[in-house]
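File shown: start30.pdb. Contents: PDB, C-alpha atoms, pLDDT in the B column.
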```pdb
ATOM      1  CA  MET K  27      67.565 -25.167  23.508  1.00 84.00           C
ATOM      2  CA  ILE K  28      64.680 -22.746  22.975  1.00 92.00           C
ATOM      3  CA  ARG K  29      62.369 -22.940  25.945  1.00 91.00           C
ATOM      4  CA  PHE K  30      60.085 -20.752  27.974  1.00 90.00           C
ATOM      5  CA  SER K  31      57.786 -20.896  30.975  1.00 88.00           C
ATOM      6  CA  VAL K  32      54.152 -21.586  30.120  1.00 87.00           C
ATOM      7  CA  SER K  33      52.955 -19.672  33.197  1.00 86.00           C
ATOM      8  CA  ALA K  34      54.612 -16.487  31.878  1.00 88.00           C
ATOM      9  CA  LEU K  35      52.180 -16.546  28.933  1.00 87.00           C
ATOM     10  CA  GLU K  36      49.213 -15.936  31.218  1.00 86.00           C
ATOM     11  CA  LYS K  37      50.254 -12.300  31.677  1.00 88.00           C
ATOM     12  CA  ALA K  38      51.417 -11.398  28.157  1.00 92.00           C
ATOM     13  CA  PRO K  39      53.006 -12.901  25.049  1.00 94.00           C
ATOM     14  CA  VAL K  40      56.638 -13.946  25.468  1.00 93.00           C
ATOM     15  CA  THR K  41      59.293 -12.811  22.994  1.00 95.00           C
ATOM     16  CA  LEU K  42      62.240 -15.148  22.555  1.00 95.00           C
ATOM     17  CA  THR K  43      65.369 -13.776  20.898  1.00 96.00           C
ATOM     18  CA  GLY K  44      68.879 -15.096  20.696  1.00 96.00           C
ATOM     19  CA  THR K  45      71.441 -17.043  18.755  1.00 96.00           C
ATOM     20  CA  LEU K  46      72.301 -20.700  18.745  1.00 96.00           C
ATOM     21  CA  PRO K  47      75.565 -22.356  17.716  1.00 96.00           C
ATOM     22  CA  PRO K  48      75.822 -23.872  14.225  1.00 93.00           C
ATOM     23  CA  GLU K  49      75.635 -27.352  15.786  1.00 94.00           C
ATOM     24  CA  PHE K  50      71.948 -26.655  16.521  1.00 95.00           C
ATOM     25  CA  LEU K  51      71.164 -27.622  12.906  1.00 94.00           C
ATOM     26  CA  GLU K  52      72.753 -31.069  13.345  1.00 94.00           C
ATOM     27  CA  LEU K  53      74.274 -31.014   9.866  1.00 91.00           C
ATOM     28  CA  GLY K  54      77.299 -33.245   9.416  1.00 82.00           C
ATOM     29  CA  PRO K  55      80.388 -32.927   7.216  1.00 77.00           C
ATOM     30  CA  ASP K  56      78.946 -35.423   4.717  1.00 82.00           C
ATOM     31  CA  ASP K  57      75.742 -33.440   4.202  1.00 88.00           C
ATOM     32  CA  LEU K  58      75.131 -31.248   1.152  1.00 92.00           C
ATOM     33  CA  PHE K  59      74.824 -28.236   3.466  1.00 95.00           C
ATOM     34  CA  SER K  60      77.126 -27.219   6.310  1.00 94.00           C
ATOM     35  CA  PRO K  61      76.607 -24.341   8.738  1.00 93.00           C
ATOM     36  CA  ALA K  62      78.518 -21.153   8.010  1.00 93.00           C
ATOM     37  CA  GLY K  63      77.253 -19.154  10.976  1.00 94.00           C
ATOM     38  CA  GLU K  64      75.041 -19.042  14.030  1.00 97.00           C
ATOM     39  CA  VAL K  65      71.270 -19.425  13.964  1.00 97.00           C
ATOM     40  CA  ALA K  66      69.522 -16.201  14.993  1.00 97.00           C
ATOM     41  CA  TYR K  67      65.898 -16.296  16.072  1.00 97.00           C
ATOM     42  CA  ARG K  68      63.157 -13.933  17.143  1.00 98.00           C
ATOM     43  CA  LEU K  69      59.979 -15.719  18.132  1.00 97.00           C
ATOM     44  CA  THR K  70      56.781 -14.737  19.916  1.00 97.00           C
ATOM     45  CA  ALA K  71      54.738 -17.215  21.953  1.00 96.00           C
ATOM     46  CA  ARG K  72      51.076 -16.421  22.636  1.00 95.00           C
ATOM     47  CA  LEU K  73      48.517 -18.234  24.682  1.00 91.00           C
ATOM     48  CA  VAL K  74      45.564 -19.162  22.460  1.00 91.00           C
ATOM     49  CA  SER K  75      42.569 -21.382  22.985  1.00 87.00           C
ATOM     50  CA  GLY K  76      43.869 -24.870  23.748  1.00 83.00           C
ATOM     51  CA  GLY K  77      47.559 -24.148  23.482  1.00 90.00           C
ATOM     52  CA  VAL K  78      50.419 -21.915  22.472  1.00 94.00           C
ATOM     53  CA  LEU K  79      50.966 -20.253  19.094  1.00 96.00           C
ATOM     54  CA  LEU K  80      54.621 -19.654  18.229  1.00 96.00           C
ATOM     55  CA  SER K  81      55.547 -17.395  15.313  1.00 97.00           C
ATOM     56  CA  GLY K  82      58.507 -15.350  14.180  1.00 97.00           C
ATOM     57  CA  THR K  83      61.689 -15.692  12.159  1.00 97.00           C
ATOM     58  CA  CYS K  84      64.945 -17.609  12.287  1.00 97.00           C
ATOM     59  CA  ARG K  85      67.977 -17.081  10.029  1.00 97.00           C
ATOM     60  CA  THR K  86      71.375 -18.554   9.353  1.00 97.00           C
ATOM     61  CA  THR K  87      73.915 -19.016   6.565  1.00 97.00           C
ATOM     62  CA  LEU K  88      74.994 -22.309   5.038  1.00 96.00           C
ATOM     63  CA  ARG K  89      77.898 -23.420   2.893  1.00 95.00           C
ATOM     64  CA  THR K  90      76.889 -25.617  -0.024  1.00 96.00           C
ATOM     65  CA  THR K  91      77.655 -26.479  -3.655  1.00 96.00           C
ATOM     66  CA  CYS K  92      75.733 -25.084  -6.616  1.00 96.00           C
ATOM     67  CA  GLY K  93      73.685 -27.776  -8.325  1.00 95.00           C
ATOM     68  CA  LEU K  94      74.458 -26.343 -11.767  1.00 94.00           C
ATOM     69  CA  CYS K  95      78.079 -25.166 -11.815  1.00 95.00           C
ATOM     70  CA  LEU K  96      79.426 -27.170  -8.816  1.00 95.00           C
ATOM     71  CA  ARG K  97      80.960 -24.052  -7.277  1.00 95.00           C
ATOM     72  CA  GLU K  98      80.961 -23.771  -3.472  1.00 95.00           C
ATOM     73  CA  PHE K  99      79.108 -20.765  -2.067  1.00 96.00           C
ATOM     74  CA  VAL K 100      77.489 -19.428   1.098  1.00 96.00           C
ATOM     75  CA  MET K 101      73.709 -18.998   1.029  1.00 96.00           C
ATOM     76  CA  PRO K 102      71.294 -17.353   3.453  1.00 96.00           C
ATOM     77  CA  LEU K 103      68.524 -19.494   4.910  1.00 97.00           C
ATOM     78  CA  ALA K 104      65.459 -18.103   6.653  1.00 97.00           C
ATOM     79  CA  ALA K 105      62.194 -19.510   7.933  1.00 97.00           C
ATOM     80  CA  GLN K 106      59.067 -17.994   9.419  1.00 97.00           C
ATOM     81  CA  PRO K 107      57.735 -20.731  11.653  1.00 96.00           C
ATOM     82  CA  ARG K 108      54.121 -20.644  12.721  1.00 97.00           C
ATOM     83  CA  LEU K 109      53.597 -23.526  15.111  1.00 96.00           C
ATOM     84  CA  PHE K 110      50.846 -24.591  17.478  1.00 96.00           C
ATOM     85  CA  PHE K 111      51.567 -26.557  20.640  1.00 93.00           C
ATOM     86  CA  GLU K 112      48.728 -28.175  22.541  1.00 91.00           C
ATOM     87  CA  LEU K 113      49.064 -27.772  26.280  1.00 86.00           C
ATOM     88  CA  THR K 114      48.507 -30.508  28.810  1.00 81.00           C
ATOM     89  CA  GLY K 115      47.494 -29.563  32.324  1.00 75.00           C
ATOM     90  CA  ASP K 116      50.867 -30.137  33.976  1.00 81.00           C
ATOM     91  CA  GLN K 117      53.318 -28.462  31.585  1.00 83.00           C
ATOM     92  CA  GLU K 118      55.540 -25.872  33.231  1.00 87.00           C
ATOM     93  CA  GLU K 119      58.000 -25.328  30.364  1.00 90.00           C
ATOM     94  CA  LEU K 120      57.763 -25.720  26.650  1.00 90.00           C
ATOM     95  CA  GLU K 121      60.845 -26.721  24.624  1.00 93.00           C
ATOM     96  CA  VAL K 122      60.410 -25.681  20.971  1.00 95.00           C
ATOM     97  CA  GLY K 123      63.977 -25.939  19.617  1.00 94.00           C
ATOM     98  CA  SER K 124      63.511 -29.156  17.649  1.00 95.00           C
ATOM     99  CA  ASP K 125      60.356 -27.828  15.986  1.00 96.00           C
ATOM    100  CA  VAL K 126      62.056 -24.555  15.037  1.00 96.00           C
ATOM    101  CA  ARG K 127      65.029 -26.547  13.675  1.00 96.00           C
ATOM    102  CA  ALA K 128      62.667 -28.656  11.538  1.00 96.00           C
ATOM    103  CA  GLU K 129      60.969 -25.550  10.144  1.00 96.00           C
ATOM    104  CA  LEU K 130      64.340 -24.087   9.180  1.00 96.00           C
ATOM    105  CA  LEU K 131      65.533 -27.290   7.519  1.00 95.00           C
ATOM    106  CA  LEU K 132      62.289 -27.531   5.530  1.00 96.00           C
ATOM    107  CA  GLU K 133      63.390 -24.343   3.748  1.00 96.00           C
ATOM    108  CA  LEU K 134      66.509 -26.008   2.274  1.00 96.00           C
ATOM    109  CA  PRO K 135      66.395 -26.002  -1.527  1.00 95.00           C
ATOM    110  CA  MET K 136      66.486 -29.326  -3.353  1.00 93.00           C
ATOM    111  CA  ASN K 137      68.871 -27.933  -5.960  1.00 94.00           C
ATOM    112  CA  PRO K 138      70.839 -24.979  -4.554  1.00 96.00           C
ATOM    113  CA  ARG K 139      72.043 -22.332  -6.981  1.00 96.00           C
ATOM    114  CA  CYS K 140      74.910 -19.919  -6.473  1.00 95.00           C
ATOM    115  CA  ARG K 141      72.819 -17.223  -8.153  1.00 95.00           C
ATOM    116  CA  PRO K 142      69.453 -17.162  -9.946  1.00 94.00           C
ATOM    117  CA  ASP K 143      70.999 -16.758 -13.405  1.00 95.00           C
ATOM    118  CA  CYS K 144      73.638 -19.504 -13.054  1.00 95.00           C
ATOM    119  CA  ARG K 145      74.248 -21.070 -16.478  1.00 93.00           C
ATOM    120  CA  GLY K 146      75.888 -24.218 -15.123  1.00 93.00           C
ATOM    121  CA  LEU K 147      78.391 -26.492 -16.826  1.00 93.00           C
ATOM    122  CA  CYS K 148      78.409 -27.374 -20.524  1.00 91.00           C
ATOM    123  CA  PRO K 149      77.090 -30.944 -20.866  1.00 87.00           C
ATOM    124  CA  VAL K 150      79.579 -31.616 -23.674  1.00 86.00           C
ATOM    125  CA  CYS K 151      82.942 -30.197 -22.582  1.00 88.00           C
ATOM    126  CA  GLY K 152      82.266 -29.411 -18.908  1.00 89.00           C
ATOM    127  CA  ALA K 153      83.229 -25.730 -19.161  1.00 91.00           C
ATOM    128  CA  ASP K 154      81.728 -23.357 -16.623  1.00 93.00           C
ATOM    129  CA  ARG K 155      79.351 -21.327 -18.796  1.00 93.00           C
ATOM    130  CA  ASN K 156      79.310 -18.517 -16.196  1.00 93.00           C
ATOM    131  CA  THR K 157      82.961 -17.686 -16.880  1.00 92.00           C
ATOM    132  CA  GLN K 158      83.570 -18.759 -20.474  1.00 90.00           C
ATOM    133  CA  GLU K 159      81.786 -19.528 -23.702  1.00 87.00           C
ATOM    134  CA  CYS K 160      82.371 -22.809 -25.459  1.00 85.00           C
ATOM    135  CA  ALA K 161      81.831 -23.751 -29.096  1.00 84.00           C
ATOM    136  CA  CYS K 162      80.029 -26.996 -28.307  1.00 84.00           C
ATOM    137  CA  VAL K 163      76.817 -27.865 -30.091  1.00 72.00           C
ATOM    138  CA  PRO K 164      74.126 -28.777 -27.523  1.00 62.00           C
ATOM    139  CA  ASP K 165      72.961 -31.841 -29.504  1.00 59.00           C
ATOM    140  CA  ALA K 166      76.502 -33.204 -29.697  1.00 51.00           C
ATOM    141  CA  ALA K 167      76.287 -34.744 -26.252  1.00 52.00           C
ATOM    142  CA  PRO K 168      78.597 -37.676 -25.524  1.00 55.00           C
ATOM    143  CA  GLY K 169      77.047 -41.037 -26.287  1.00 58.00           C
ATOM    144  CA  GLY K 170      75.378 -40.028 -29.532  1.00 60.00           C
ATOM    145  CA  ALA K 171      71.729 -39.262 -30.036  1.00 66.00           C
ATOM    146  CA  SER K 172      69.388 -38.657 -27.170  1.00 69.00           C
ATOM    147  CA  PRO K 173      67.486 -41.743 -25.988  1.00 71.00           C
ATOM    148  CA  TRP K 174      64.367 -39.562 -26.060  1.00 75.00           C
ATOM    149  CA  GLY K 175      64.850 -38.632 -29.717  1.00 73.00           C
ATOM    150  CA  ALA K 176      62.600 -41.484 -30.890  1.00 77.00           C
ATOM    151  CA  LEU K 177      59.662 -39.830 -29.145  1.00 82.00           C
ATOM    152  CA  ASP K 178      59.945 -36.865 -31.494  1.00 78.00           C
ATOM    153  CA  ALA K 179      59.088 -39.138 -34.427  1.00 77.00           C
ATOM    154  CA  LEU K 180      55.832 -40.356 -32.858  1.00 84.00           C
ATOM    155  CA  ASN K 181      52.622 -38.997 -34.301  1.00 81.00           C
ATOM    156  CA  LEU K 182      50.252 -38.737 -31.350  1.00 82.00           C
ATOM    157  CA  ASP K 183      47.423 -36.836 -33.100  1.00 73.00           C
TER
END
```

Please go through the file and, once you have read it, give me the structure as structure tokens.
Amino acid sequence: MIRFSVSALEKAPVTLTGTLPPEFLELGPDDLFSPAGEVAYRLTARLVSGGVLLSGTCRTTLRTTCGLCLREFVMPLAAQPRLFFELTGDQEELEVGSDVRAELLLELPMNPRCRPDCRGLCPVCGADRNTQECACVPDAAPGGASPWGALDALNLD
């Protein structure tokens, strides 16, 4: 989906700009993230010794669920790919879309947060601590004492 002529690089660097449909990311309805908008890119391809250097930015927005409070939100996602492609003697065009897609997906957070100061859900009563305070005692978790509590009694000196 993102391609350019290799012969055009012999004269000057090539700037690639545009937008791609959300389907470009290949994220399905069962994935943690789903596209909320188009993918915009601005990339520059330069001829360097032995190949092509591609650099620039790509941006989109994704719909996901906060890993702490379980609230759905839309998050921005951006990547600054810097990729090298080795050229073979007979290449006329270079297709870089799948590599740009991979660079963008590598920026996905493992545990998305709706905001940096999200307080999450109370582990005792399940209340959203961003919107209300609860009177739960943190050590009063369901199931009794922590299974790690015995480690506190160890004398490791």

Checklist entry - Near range 32-38 of chain K, within 8 Å and counting all atoms listed in the file, which residues show up once chain neighbours fewer than 2 positions away are dropped, as a ChimeraX atom specification? => result /K:30,40,71-73,117-120

Checklist entry - Quick one: distance from CA of Thr45 in chain K to CA of Leu69 in chain K in Å, one decimal? => result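 So the answer is 11.6 Å.
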
Item to check | Residue nearest Arg141 in chain K among K:Leu42, K:Leu96, K:Leu180, K:Ala153 (counting all atoms listed in the file) | outcome: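 Of all the options, K:Leu96 lies closest to Arg141 in chain K.
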
As JSON, please report the centre and edge lengths, rounded to one decimal in Å, of the axis-aligned box that holds all listed atoms of range 142-153 of chain K with 8 Å of padding on each of the six sides.
```
{"center_x": 76.3, "center_y": -24.2, "center_z": -16.8, "size_x": 29.8, "size_y": 30.9, "size_z": 29.7}
```

Next on the checklist: If the PyMOL selection byres ((chain K and resi 147) around 12) were run on this exact file, what residues would it hold? Put them as number ranges by chain.
Outcome noted: K: 92-97, 144-146, 148-160, 162, 164

Next on the checklist: For a quick check of understanding, using only C-alpha atoms, which of K:Glu98, K:Gly76, K:Cys84, K:Val126 has the smallest distance to Glu112 in chain K?
Outcome noted: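 Looking only at the distances to Glu112 in chain K, the closest residue turns out to be K:Gly76.
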
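CA of Leu58 in chain K lies 9.5 Å from CA of Pro138 in chain K.
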
Could you add N, CA and C atoms to range 82-113 of chain K and give me the result as an mmCIF file, in the coordinates of the input?
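This is the output file selection-v2.cif:
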```
data_model
loop_
_atom_site.group_PDB
_atom_site.id
_atom_site.type_symbol
_atom_site.label_atom_id
_atom_site.label_comp_id
_atom_site.auth_asym_id
_atom_site.auth_seq_id
_atom_site.Cartn_x
_atom_site.Cartn_y
_atom_site.Cartn_z
ATOM 1 N N GLY K 82 57.345 -16.225 14.232
ATOM 2 C CA GLY K 82 58.507 -15.350 14.180
ATOM 3 C C GLY K 82 59.417 -15.693 13.029
ATOM 4 N N THR K 83 60.707 -15.419 13.206
ATOM 5 C CA THR K 83 61.689 -15.692 12.159
ATOM 6 C C THR K 83 62.938 -16.328 12.753
ATOM 7 N N CYS K 84 63.620 -17.097 11.942
ATOM 8 C CA CYS K 84 64.945 -17.609 12.287
ATOM 9 C C CYS K 84 65.784 -17.589 11.010
ATOM 10 N N ARG K 85 67.072 -17.265 11.176
ATOM 11 C CA ARG K 85 67.977 -17.081 10.029
ATOM 12 C C ARG K 85 69.346 -17.675 10.330
ATOM 13 N N THR K 86 69.993 -18.096 9.262
ATOM 14 C CA THR K 86 71.375 -18.554 9.353
ATOM 15 C C THR K 86 71.999 -18.484 7.963
ATOM 16 N N THR K 87 73.248 -18.877 7.863
ATOM 17 C CA THR K 87 73.915 -19.016 6.565
ATOM 18 C C THR K 87 74.495 -20.417 6.482
ATOM 19 N N LEU K 88 74.498 -20.953 5.277
ATOM 20 C CA LEU K 88 74.994 -22.309 5.038
ATOM 21 C C LEU K 88 75.990 -22.305 3.896
ATOM 22 N N ARG K 89 76.931 -23.207 3.971
ATOM 23 C CA ARG K 89 77.898 -23.420 2.893
ATOM 24 C C ARG K 89 77.413 -24.645 2.120
ATOM 25 N N THR K 90 77.359 -24.517 0.805
ATOM 26 C CA THR K 90 76.889 -25.617 -0.024
ATOM 27 C C THR K 90 77.531 -25.537 -1.412
ATOM 28 N N THR K 91 77.146 -26.425 -2.287
ATOM 29 C CA THR K 91 77.655 -26.479 -3.655
ATOM 30 C C THR K 91 76.514 -26.228 -4.625
ATOM 31 N N CYS K 92 76.743 -25.393 -5.605
ATOM 32 C CA CYS K 92 75.733 -25.084 -6.616
ATOM 33 C C CYS K 92 75.400 -26.354 -7.397
ATOM 34 N N GLY K 93 74.121 -26.595 -7.594
ATOM 35 C CA GLY K 93 73.685 -27.776 -8.325
ATOM 36 C C GLY K 93 73.893 -27.684 -9.824
ATOM 37 N N LEU K 94 74.253 -26.502 -10.330
ATOM 38 C CA LEU K 94 74.458 -26.343 -11.767
ATOM 39 C C LEU K 94 75.924 -26.211 -12.160
ATOM 40 N N CYS K 95 76.685 -25.401 -11.423
ATOM 41 C CA CYS K 95 78.079 -25.166 -11.815
ATOM 42 C C CYS K 95 79.084 -25.822 -10.864
ATOM 43 N N LEU K 96 78.604 -26.436 -9.787
ATOM 44 C CA LEU K 96 79.426 -27.170 -8.816
ATOM 45 C C LEU K 96 80.397 -26.282 -8.051
ATOM 46 N N ARG K 97 80.128 -24.991 -8.016
ATOM 47 C CA ARG K 97 80.960 -24.052 -7.277
ATOM 48 C C ARG K 97 80.447 -23.955 -5.842
ATOM 49 N N GLU K 98 81.367 -23.925 -4.869
ATOM 50 C CA GLU K 98 80.961 -23.771 -3.472
ATOM 51 C C GLU K 98 80.588 -22.321 -3.202
ATOM 52 N N PHE K 99 79.533 -22.116 -2.407
ATOM 53 C CA PHE K 99 79.108 -20.765 -2.067
ATOM 54 C C PHE K 99 78.390 -20.774 -0.724
ATOM 55 N N VAL K 100 78.199 -19.590 -0.168
ATOM 56 C CA VAL K 100 77.489 -19.428 1.098
ATOM 57 C C VAL K 100 76.127 -18.826 0.782
ATOM 58 N N MET K 101 75.073 -19.461 1.304
ATOM 59 C CA MET K 101 73.709 -18.998 1.029
ATOM 60 C C MET K 101 72.982 -18.656 2.322
ATOM 61 N N PRO K 102 72.119 -17.647 2.281
ATOM 62 C CA PRO K 102 71.294 -17.353 3.453
ATOM 63 C C PRO K 102 70.132 -18.339 3.514
ATOM 64 N N LEU K 103 69.685 -18.626 4.717
ATOM 65 C CA LEU K 103 68.524 -19.494 4.910
ATOM 66 C C LEU K 103 67.659 -18.864 5.985
ATOM 67 N N ALA K 104 66.383 -18.720 5.695
ATOM 68 C CA ALA K 104 65.459 -18.103 6.653
ATOM 69 C C ALA K 104 64.149 -18.874 6.649
ATOM 70 N N ALA K 105 63.505 -18.878 7.801
ATOM 71 C CA ALA K 105 62.194 -19.510 7.933
ATOM 72 C C ALA K 105 61.329 -18.617 8.807
ATOM 73 N N GLN K 106 60.032 -18.713 8.601
ATOM 74 C CA GLN K 106 59.067 -17.994 9.419
ATOM 75 C C GLN K 106 58.118 -19.024 10.026
ATOM 76 N N PRO K 107 58.576 -19.682 11.068
ATOM 77 C CA PRO K 107 57.735 -20.731 11.653
ATOM 78 C C PRO K 107 56.445 -20.167 12.237
ATOM 79 N N ARG K 108 55.412 -20.935 12.110
ATOM 80 C CA ARG K 108 54.121 -20.644 12.721
ATOM 81 C C ARG K 108 53.620 -21.988 13.234
ATOM 82 N N LEU K 109 53.833 -22.219 14.514
ATOM 83 C CA LEU K 109 53.597 -23.526 15.111
ATOM 84 C C LEU K 109 52.591 -23.443 16.249
ATOM 85 N N PHE K 110 51.809 -24.494 16.384
ATOM 86 C CA PHE K 110 50.846 -24.591 17.478
ATOM 87 C C PHE K 110 51.240 -25.761 18.370
ATOM 88 N N PHE K 111 51.254 -25.520 19.661
ATOM 89 C CA PHE K 111 51.567 -26.557 20.640
ATOM 90 C C PHE K 111 50.379 -26.710 21.582
ATOM 91 N N GLU K 112 49.840 -27.901 21.629
ATOM 92 C CA GLU K 112 48.728 -28.175 22.541
ATOM 93 C C GLU K 112 49.291 -28.320 23.950
ATOM 94 N N LEU K 113 48.606 -27.721 24.898
ATOM 95 C CA LEU K 113 49.064 -27.772 26.280
ATOM 96 C C LEU K 113 48.337 -28.859 27.054
#
```
